[in-house]
Amino acid sequence: MNTFTNLIKRRITCRNFSDQTLSRQQLQDLIHAAVWVPSGSNNQPWRFVVITDRNRLQHYSDVAKAAWLADLDAAPHIRQYETFLKDPDYNIFYNAPALIIVYGDTHSYWHVYDCSMVAYNLHLLAEDQGLGCCWIGFGHNIFADPQVKSELGVPRHYQLVAPVILGHPAVSSEHRNNPNQRKPFEIHWI
Ligand SMILES: Cc1cc2nc3c(=O)[nH]c(=O)nc-3n(C[C@H](O)[C@H](O)[C@H](O)COP(=O)(O)O)c2cc1C
């Protein structure tokens, strides 16, 4: 099997990071490589916010957890994680040294698909470079909040698509096999 297929199958989500930071240059290079995706009408409708201040991430984690817990009825898909969200030691960003938030331009019809591919590319690039990566759905409430967006300098017509944490894994992933199996699915041949 070629190495790119191996890379795709080897990638797993990382939730445990070392203290090692990522430089601005490293993060910038990752973003500049990740945007090489197809996009609807070639609009390339993305922009990014990068947060490397762990205290600020801790603050956003606390705010996000409180907001989910305050209205679980409005977010039934989150209810299964209630115990995590009630744990004061649980940081939704897992103390990662960097968060890249991908926003999509709502003037562009396909922005969610386009930006999701960029987010996945960040996962693949991370795997390729021995870094860890995780899409943080728990961050979707705060980073979509108009006040937080304004705080982050994001124009109103940009919609949150993907908050993605990155860092060096606490345990090296070099020789690991992906323990996750794929669930059965249908292929309907015509
Ligand atoms: C849209 C989306 C939201 C996710 N949100 C979270 C999250 O908030 N916290 C978390 O720990 N993992 C999150 N994940 C990671 C998934 O839990 C993970 O991809 C899944 O369990 C499969 O594991 P794998 O990535 O190792 O294959 C998210 C993944 C996606 C694609």
# chains A, B, ... in the order shown; residues from 1 in each chain; ligands from 1

call {"tool": "residues_near_ligand", "arguments": {"ligand": "ligand 1", "cutoff": "7 Å", "atoms": "only C-alpha atoms and all ligand atoms", "output": "JSON, numbers by chain"}}
result
{"A": [11, 12, 13, 15, 92, 134, 135, 136, 137, 138, 139, 180]}

call {"tool": "write_last_selection", "arguments": {"atoms": "C-alpha atoms", "output": "compact mmCIF listing (two decimals), in the first residue's frame"}}
result
# COMPACT_ATOMS: atom_id res chain seq x y z
CA ARG A 11 -4.37 9.17 11.48
CA ILE A 12 -6.23 9.28 14.76
CA THR A 13 -7.50 12.15 16.83
CA ARG A 15 -6.27 14.52 22.89
CA ILE A 92 -12.26 21.16 25.77
CA CYS A 134 -8.48 17.26 16.88
CA TRP A 135 -11.62 19.00 15.60
CA ILE A 136 -13.30 20.56 18.65
CA GLY A 137 -17.06 20.42 18.21
CA PHE A 138 -17.42 21.59 21.82
CA GLY A 139 -16.05 24.94 20.62
CA ASN A 180 -10.56 2.49 15.20

call {"tool": "residues_around", "arguments": {"residues": "stretch 144-149 of chain A", "least_positions_apart": "5", "cutoff": "7 Å", "atoms": "only C-alpha atoms", "output": "PyMOL selection string"}}
result
chain A and resi 154+159-160

call {"tool": "write_last_selection", "arguments": {"atoms": "N, CA and C atoms", "output": "PDB file, in the first residue's frame"}}
result
ATOM      1  N   VAL A 154     -13.465  38.696  13.478  1.00  0.00           N
ATOM      2  CA  VAL A 154     -14.061  37.970  12.360  1.00  0.00           C
ATOM      3  C   VAL A 154     -15.298  38.731  11.865  1.00  0.00           C
ATOM      4  N   GLN A 159     -18.904  32.431   8.757  1.00  0.00           N
ATOM      5  CA  GLN A 159     -19.529  31.456   9.649  1.00  0.00           C
ATOM      6  C   GLN A 159     -18.472  30.481  10.175  1.00  0.00           C
ATOM      7  N   LEU A 160     -18.606  30.143  11.449  1.00  0.00           N
ATOM      8  CA  LEU A 160     -17.688  29.151  12.005  1.00  0.00           C
ATOM      9  C   LEU A 160     -17.852  27.815  11.287  1.00  0.00           C
TER      10      LEU A 160
END

call {"tool": "closest_residue", "arguments": {"among": "A:Asn95, A:Gln80, A:Gln28, A:Asn6", "to": "A:Leu122", "atoms": "only C-alpha atoms"}}
result
A:Gln28

call {"tool": "select_by_dssp", "arguments": {"residues": "stretch 38-189 of chain A", "states": "strand (DSSP E)", "output": "list in words"}}
result
Trp46, Arg47, Phe48, Val49, Val50, Ile51, Ala98, Leu99, Ile100, Ile101, Val102, Tyr103, Gly104, Asp105, Gly132, Cys133, Cys134, Trp135, Tyr158, Gln159, Leu160, Val161, Ala162, Pro163, Val164, Ile165, Leu166 and Gly167 of chain A

call {"tool": "atom_distance", "arguments": {"atom1": "atom CA of A:Ser150", "atom2": "atom CA of A:Gly40"}}
result
26.6 Å

call {"tool": "closest_atom_pairs", "arguments": {"of": "stretch 38-59 of chain A", "to": "stretch 108-120 of chain A", "cutoff": "8 Å", "atoms": "only C-alpha atoms", "output": "Markdown table"}}
result
| residue | atom | partner | partner_atom | distance |
| --- | --- | --- | --- | --- |
| A:Pro38 | CA | A:Asp114 | CA | 6.9 |
| A:Ser39 | CA | A:Asp114 | CA | 5.0 |
| A:Gly40 | CA | A:Trp110 | CA | 5.5 |
| A:Asn43 | CA | A:Ser108 | CA | 6.8 |
| A:Gln44 | CA | A:Asp114 | CA | 7.3 |
| A:Pro45 | CA | A:His111 | CA | 5.9 |
| A:Trp46 | CA | A:Cys115 | CA | 6.2 |

call {"tool": "closest_residue", "arguments": {"among": "A:Leu124, A:Leu166, A:Ala98, A:Leu85", "to": "A:Leu57", "atoms": "only C-alpha atoms"}}
result
A:Ala98

call {"tool": "residues_around", "arguments": {"residues": "A:Asn55", "least_positions_apart": "3", "cutoff": "12 Å", "atoms": "only C-alpha atoms", "output": "ChimeraX atom specification"}}
result
/A:51-52,58-62,91,93,95-98

call {"tool": "atom_distance", "arguments": {"atom1": "atom CA of A:His140", "atom2": "atom CA of A:Val161"}}
result
8.0 Å

call {"tool": "select_by_dssp", "arguments": {"residues": "stretch 57-188 of chain A", "states": "helix (DSSP H, G or I)", "output": "PDB file with N, CA and C atoms, in the first residue's frame"}}
result
ATOM      1  N   LEU A  57      -7.395  30.109  25.915  1.00  0.00           N
ATOM      2  CA  LEU A  57      -8.112  28.887  25.546  1.00  0.00           C
ATOM      3  C   LEU A  57      -8.821  28.282  26.764  1.00  0.00           C
ATOM      4  N   GLN A  58      -8.146  28.350  27.908  1.00  0.00           N
ATOM      5  CA  GLN A  58      -8.792  27.855  29.138  1.00  0.00           C
ATOM      6  C   GLN A  58     -10.070  28.656  29.414  1.00  0.00           C
ATOM      7  N   HIS A  59      -9.976  29.968  29.223  1.00  0.00           N
ATOM      8  CA  HIS A  59     -11.143  30.831  29.422  1.00  0.00           C
ATOM      9  C   HIS A  59     -12.272  30.437  28.460  1.00  0.00           C
ATOM     10  N   TYR A  60     -11.940  30.265  27.168  1.00  0.00           N
ATOM     11  CA  TYR A  60     -12.972  29.894  26.199  1.00  0.00           C
ATOM     12  C   TYR A  60     -13.553  28.506  26.518  1.00  0.00           C
ATOM     13  N   SER A  61     -12.711  27.624  27.028  1.00  0.00           N
ATOM     14  CA  SER A  61     -13.192  26.299  27.413  1.00  0.00           C
ATOM     15  C   SER A  61     -14.240  26.424  28.521  1.00  0.00           C
ATOM     16  N   ASP A  62     -13.931  27.228  29.533  1.00  0.00           N
ATOM     17  CA  ASP A  62     -14.871  27.402  30.657  1.00  0.00           C
ATOM     18  C   ASP A  62     -16.191  27.994  30.161  1.00  0.00           C
ATOM     19  N   VAL A  63     -16.096  29.005  29.295  1.00  0.00           N
ATOM     20  CA  VAL A  63     -17.307  29.668  28.793  1.00  0.00           C
ATOM     21  C   VAL A  63     -18.132  28.686  27.952  1.00  0.00           C
ATOM     22  N   ALA A  64     -17.454  27.920  27.087  1.00  0.00           N
ATOM     23  CA  ALA A  64     -18.161  26.970  26.210  1.00  0.00           C
ATOM     24  C   ALA A  64     -18.872  25.900  27.034  1.00  0.00           C
ATOM     25  N   LYS A  65     -18.172  25.339  28.036  1.00  0.00           N
ATOM     26  CA  LYS A  65     -18.774  24.295  28.865  1.00  0.00           C
ATOM     27  C   LYS A  65     -20.018  24.812  29.573  1.00  0.00           C
ATOM     28  N   ALA A  66     -19.895  25.993  30.168  1.00  0.00           N
ATOM     29  CA  ALA A  66     -21.030  26.577  30.899  1.00  0.00           C
ATOM     30  C   ALA A  66     -22.209  26.811  29.949  1.00  0.00           C
ATOM     31  N   ALA A  67     -21.890  27.273  28.736  1.00  0.00           N
ATOM     32  CA  ALA A  67     -22.962  27.573  27.777  1.00  0.00           C
ATOM     33  C   ALA A  67     -23.688  26.298  27.330  1.00  0.00           C
ATOM     34  N   TRP A  68     -22.938  25.220  27.073  1.00  0.00           N
ATOM     35  CA  TRP A  68     -23.597  23.957  26.698  1.00  0.00           C
ATOM     36  C   TRP A  68     -24.495  23.483  27.835  1.00  0.00           C
ATOM     37  N   LEU A  69     -23.939  23.511  29.078  1.00  0.00           N
ATOM     38  CA  LEU A  69     -24.678  22.980  30.227  1.00  0.00           C
ATOM     39  C   LEU A  69     -25.919  23.808  30.538  1.00  0.00           C
ATOM     40  N   ALA A  70     -25.849  25.099  30.209  1.00  0.00           N
ATOM     41  CA  ALA A  70     -26.984  25.986  30.515  1.00  0.00           C
ATOM     42  C   ALA A  70     -28.193  25.666  29.648  1.00  0.00           C
ATOM     43  N   LEU A  72     -28.896  22.347  27.625  1.00  0.00           N
ATOM     44  CA  LEU A  72     -28.700  21.029  26.997  1.00  0.00           C
ATOM     45  C   LEU A  72     -29.897  20.618  26.139  1.00  0.00           C
ATOM     46  N   ASP A  73     -31.072  21.140  26.468  1.00  0.00           N
ATOM     47  CA  ASP A  73     -32.261  20.789  25.673  1.00  0.00           C
ATOM     48  C   ASP A  73     -32.130  21.278  24.238  1.00  0.00           C
ATOM     49  N   ALA A  74     -31.406  22.388  24.071  1.00  0.00           N
ATOM     50  CA  ALA A  74     -31.236  22.949  22.723  1.00  0.00           C
ATOM     51  C   ALA A  74     -30.152  22.197  21.953  1.00  0.00           C
ATOM     52  N   ARG A  79     -25.755  16.160  25.074  1.00  0.00           N
ATOM     53  CA  ARG A  79     -26.176  15.620  26.375  1.00  0.00           C
ATOM     54  C   ARG A  79     -25.342  14.401  26.805  1.00  0.00           C
ATOM     55  N   GLN A  80     -24.944  13.564  25.852  1.00  0.00           N
ATOM     56  CA  GLN A  80     -24.148  12.366  26.197  1.00  0.00           C
ATOM     57  C   GLN A  80     -22.800  12.727  26.831  1.00  0.00           C
ATOM     58  N   TYR A  81     -22.389  13.984  26.684  1.00  0.00           N
ATOM     59  CA  TYR A  81     -21.085  14.402  27.219  1.00  0.00           C
ATOM     60  C   TYR A  81     -21.216  15.233  28.501  1.00  0.00           C
ATOM     61  N   GLU A  82     -22.399  15.191  29.106  1.00  0.00           N
ATOM     62  CA  GLU A  82     -22.680  16.037  30.271  1.00  0.00           C
ATOM     63  C   GLU A  82     -21.638  15.852  31.376  1.00  0.00           C
ATOM     64  N   THR A  83     -21.229  14.605  31.628  1.00  0.00           N
ATOM     65  CA  THR A  83     -20.269  14.346  32.709  1.00  0.00           C
ATOM     66  C   THR A  83     -18.940  15.047  32.439  1.00  0.00           C
ATOM     67  N   PHE A  84     -18.476  14.975  31.184  1.00  0.00           N
ATOM     68  CA  PHE A  84     -17.235  15.685  30.812  1.00  0.00           C
ATOM     69  C   PHE A  84     -17.378  17.174  31.077  1.00  0.00           C
ATOM     70  N   LEU A  85     -18.504  17.715  30.614  1.00  0.00           N
ATOM     71  CA  LEU A  85     -18.672  19.166  30.674  1.00  0.00           C
ATOM     72  C   LEU A  85     -18.799  19.665  32.113  1.00  0.00           C
ATOM     73  N   LYS A  86     -19.230  18.774  33.010  1.00  0.00           N
ATOM     74  CA  LYS A  86     -19.371  19.165  34.421  1.00  0.00           C
ATOM     75  C   LYS A  86     -18.060  19.012  35.181  1.00  0.00           C
ATOM     76  N   HIS A 111     -19.385  27.175   1.209  1.00  0.00           N
ATOM     77  CA  HIS A 111     -18.289  27.463   2.154  1.00  0.00           C
ATOM     78  C   HIS A 111     -18.081  26.379   3.222  1.00  0.00           C
ATOM     79  N   VAL A 112     -19.170  25.742   3.680  1.00  0.00           N
ATOM     80  CA  VAL A 112     -18.998  24.750   4.754  1.00  0.00           C
ATOM     81  C   VAL A 112     -18.204  23.541   4.244  1.00  0.00           C
ATOM     82  N   TYR A 113     -18.526  23.114   3.010  1.00  0.00           N
ATOM     83  CA  TYR A 113     -17.799  21.975   2.435  1.00  0.00           C
ATOM     84  C   TYR A 113     -16.336  22.341   2.192  1.00  0.00           C
ATOM     85  N   ASP A 114     -16.142  23.511   1.590  1.00  0.00           N
ATOM     86  CA  ASP A 114     -14.774  23.948   1.251  1.00  0.00           C
ATOM     87  C   ASP A 114     -13.900  24.008   2.517  1.00  0.00           C
ATOM     88  N   CYS A 115     -14.455  24.646   3.554  1.00  0.00           N
ATOM     89  CA  CYS A 115     -13.662  24.843   4.783  1.00  0.00           C
ATOM     90  C   CYS A 115     -13.473  23.540   5.548  1.00  0.00           C
ATOM     91  N   SER A 116     -14.437  22.617   5.425  1.00  0.00           N
ATOM     92  CA  SER A 116     -14.269  21.319   6.094  1.00  0.00           C
ATOM     93  C   SER A 116     -13.101  20.551   5.483  1.00  0.00           C
ATOM     94  N   MET A 117     -12.939  20.695   4.175  1.00  0.00           N
ATOM     95  CA  MET A 117     -11.801  20.024   3.530  1.00  0.00           C
ATOM     96  C   MET A 117     -10.479  20.628   4.009  1.00  0.00           C
ATOM     97  N   VAL A 118     -10.461  21.930   4.200  1.00  0.00           N
ATOM     98  CA  VAL A 118      -9.256  22.570   4.738  1.00  0.00           C
ATOM     99  C   VAL A 118      -8.961  22.013   6.136  1.00  0.00           C
ATOM    100  N   ALA A 119     -10.032  21.870   6.927  1.00  0.00           N
ATOM    101  CA  ALA A 119      -9.850  21.351   8.292  1.00  0.00           C
ATOM    102  C   ALA A 119      -9.298  19.919   8.253  1.00  0.00           C
ATOM    103  N   TYR A 120      -9.801  19.123   7.332  1.00  0.00           N
ATOM    104  CA  TYR A 120      -9.304  17.749   7.240  1.00  0.00           C
ATOM    105  C   TYR A 120      -7.849  17.735   6.766  1.00  0.00           C
ATOM    106  N   ASN A 121      -7.526  18.631   5.840  1.00  0.00           N
ATOM    107  CA  ASN A 121      -6.127  18.730   5.411  1.00  0.00           C
ATOM    108  C   ASN A 121      -5.210  19.038   6.593  1.00  0.00           C
ATOM    109  N   LEU A 122      -5.683  19.872   7.518  1.00  0.00           N
ATOM    110  CA  LEU A 122      -4.864  20.155   8.713  1.00  0.00           C
ATOM    111  C   LEU A 122      -4.601  18.854   9.478  1.00  0.00           C
ATOM    112  N   HIS A 123      -5.622  17.992   9.556  1.00  0.00           N
ATOM    113  CA  HIS A 123      -5.438  16.690  10.228  1.00  0.00           C
ATOM    114  C   HIS A 123      -4.373  15.850   9.509  1.00  0.00           C
ATOM    115  N   LEU A 124      -4.466  15.812   8.174  1.00  0.00           N
ATOM    116  CA  LEU A 124      -3.516  14.982   7.405  1.00  0.00           C
ATOM    117  C   LEU A 124      -2.102  15.540   7.494  1.00  0.00           C
ATOM    118  N   LEU A 125      -1.985  16.863   7.392  1.00  0.00           N
ATOM    119  CA  LEU A 125      -0.657  17.486   7.485  1.00  0.00           C
ATOM    120  C   LEU A 125      -0.052  17.242   8.862  1.00  0.00           C
ATOM    121  N   ALA A 126      -0.899  17.338   9.883  1.00  0.00           N
ATOM    122  CA  ALA A 126      -0.424  17.088  11.247  1.00  0.00           C
ATOM    123  C   ALA A 126       0.121  15.665  11.344  1.00  0.00           C
ATOM    124  N   GLU A 127      -0.647  14.726  10.844  1.00  0.00           N
ATOM    125  CA  GLU A 127      -0.210  13.324  10.885  1.00  0.00           C
ATOM    126  C   GLU A 127       1.122  13.161  10.155  1.00  0.00           C
ATOM    127  N   ASP A 128       1.223  13.789   9.010  1.00  0.00           N
ATOM    128  CA  ASP A 128       2.433  13.679   8.193  1.00  0.00           C
ATOM    129  C   ASP A 128       3.651  14.247   8.923  1.00  0.00           C
ATOM    130  N   GLY A 137     -15.638  20.079  18.336  1.00  0.00           N
ATOM    131  CA  GLY A 137     -17.057  20.415  18.210  1.00  0.00           C
ATOM    132  C   GLY A 137     -17.579  21.166  19.426  1.00  0.00           C
ATOM    133  N   PHE A 138     -16.998  20.891  20.597  1.00  0.00           N
ATOM    134  CA  PHE A 138     -17.419  21.593  21.816  1.00  0.00           C
ATOM    135  C   PHE A 138     -17.171  23.104  21.720  1.00  0.00           C
ATOM    136  N   GLY A 139     -16.334  23.509  20.765  1.00  0.00           N
ATOM    137  CA  GLY A 139     -16.052  24.944  20.622  1.00  0.00           C
ATOM    138  C   GLY A 139     -17.003  25.635  19.658  1.00  0.00           C
ATOM    139  N   HIS A 140     -17.969  24.871  19.115  1.00  0.00           N
ATOM    140  CA  HIS A 140     -18.820  25.460  18.084  1.00  0.00           C
ATOM    141  C   HIS A 140     -19.770  26.524  18.634  1.00  0.00           C
ATOM    142  N   ASN A 141     -20.131  26.401  19.919  1.00  0.00           N
ATOM    143  CA  ASN A 141     -21.036  27.439  20.445  1.00  0.00           C
ATOM    144  C   ASN A 141     -20.325  28.785  20.585  1.00  0.00           C
ATOM    145  N   ILE A 142     -19.187  28.818  21.271  1.00  0.00           N
ATOM    146  CA  ILE A 142     -18.558  30.124  21.513  1.00  0.00           C
ATOM    147  C   ILE A 142     -18.028  30.776  20.237  1.00  0.00           C
ATOM    148  N   PHE A 143     -17.401  29.984  19.365  1.00  0.00           N
ATOM    149  CA  PHE A 143     -16.757  30.625  18.211  1.00  0.00           C
ATOM    150  C   PHE A 143     -17.758  31.038  17.127  1.00  0.00           C
ATOM    151  N   ALA A 144     -19.008  30.615  17.316  1.00  0.00           N
ATOM    152  CA  ALA A 144     -20.071  31.105  16.424  1.00  0.00           C
ATOM    153  C   ALA A 144     -20.770  32.317  17.044  1.00  0.00           C
ATOM    154  N   PRO A 146     -21.663  35.891  18.060  1.00  0.00           N
ATOM    155  CA  PRO A 146     -21.313  37.155  17.408  1.00  0.00           C
ATOM    156  C   PRO A 146     -20.340  38.010  18.230  1.00  0.00           C
ATOM    157  N   GLN A 147     -20.532  37.995  19.557  1.00  0.00           N
ATOM    158  CA  GLN A 147     -19.637  38.829  20.383  1.00  0.00           C
ATOM    159  C   GLN A 147     -18.202  38.289  20.383  1.00  0.00           C
ATOM    160  N   VAL A 148     -18.076  36.969  20.472  1.00  0.00           N
ATOM    161  CA  VAL A 148     -16.727  36.364  20.448  1.00  0.00           C
ATOM    162  C   VAL A 148     -16.100  36.560  19.066  1.00  0.00           C
ATOM    163  N   LYS A 149     -16.911  36.401  18.014  1.00  0.00           N
ATOM    164  CA  LYS A 149     -16.383  36.625  16.655  1.00  0.00           C
ATOM    165  C   LYS A 149     -15.846  38.050  16.527  1.00  0.00           C
ATOM    166  N   SER A 150     -16.596  38.997  17.063  1.00  0.00           N
ATOM    167  CA  SER A 150     -16.147  40.390  16.961  1.00  0.00           C
ATOM    168  C   SER A 150     -14.845  40.585  17.759  1.00  0.00           C
ATOM    169  N   GLU A 151     -14.771  39.940  18.945  1.00  0.00           N
ATOM    170  CA  GLU A 151     -13.550  39.955  19.773  1.00  0.00           C
ATOM    171  C   GLU A 151     -12.349  39.402  18.985  1.00  0.00           C
TER     172      GLU A 151
END
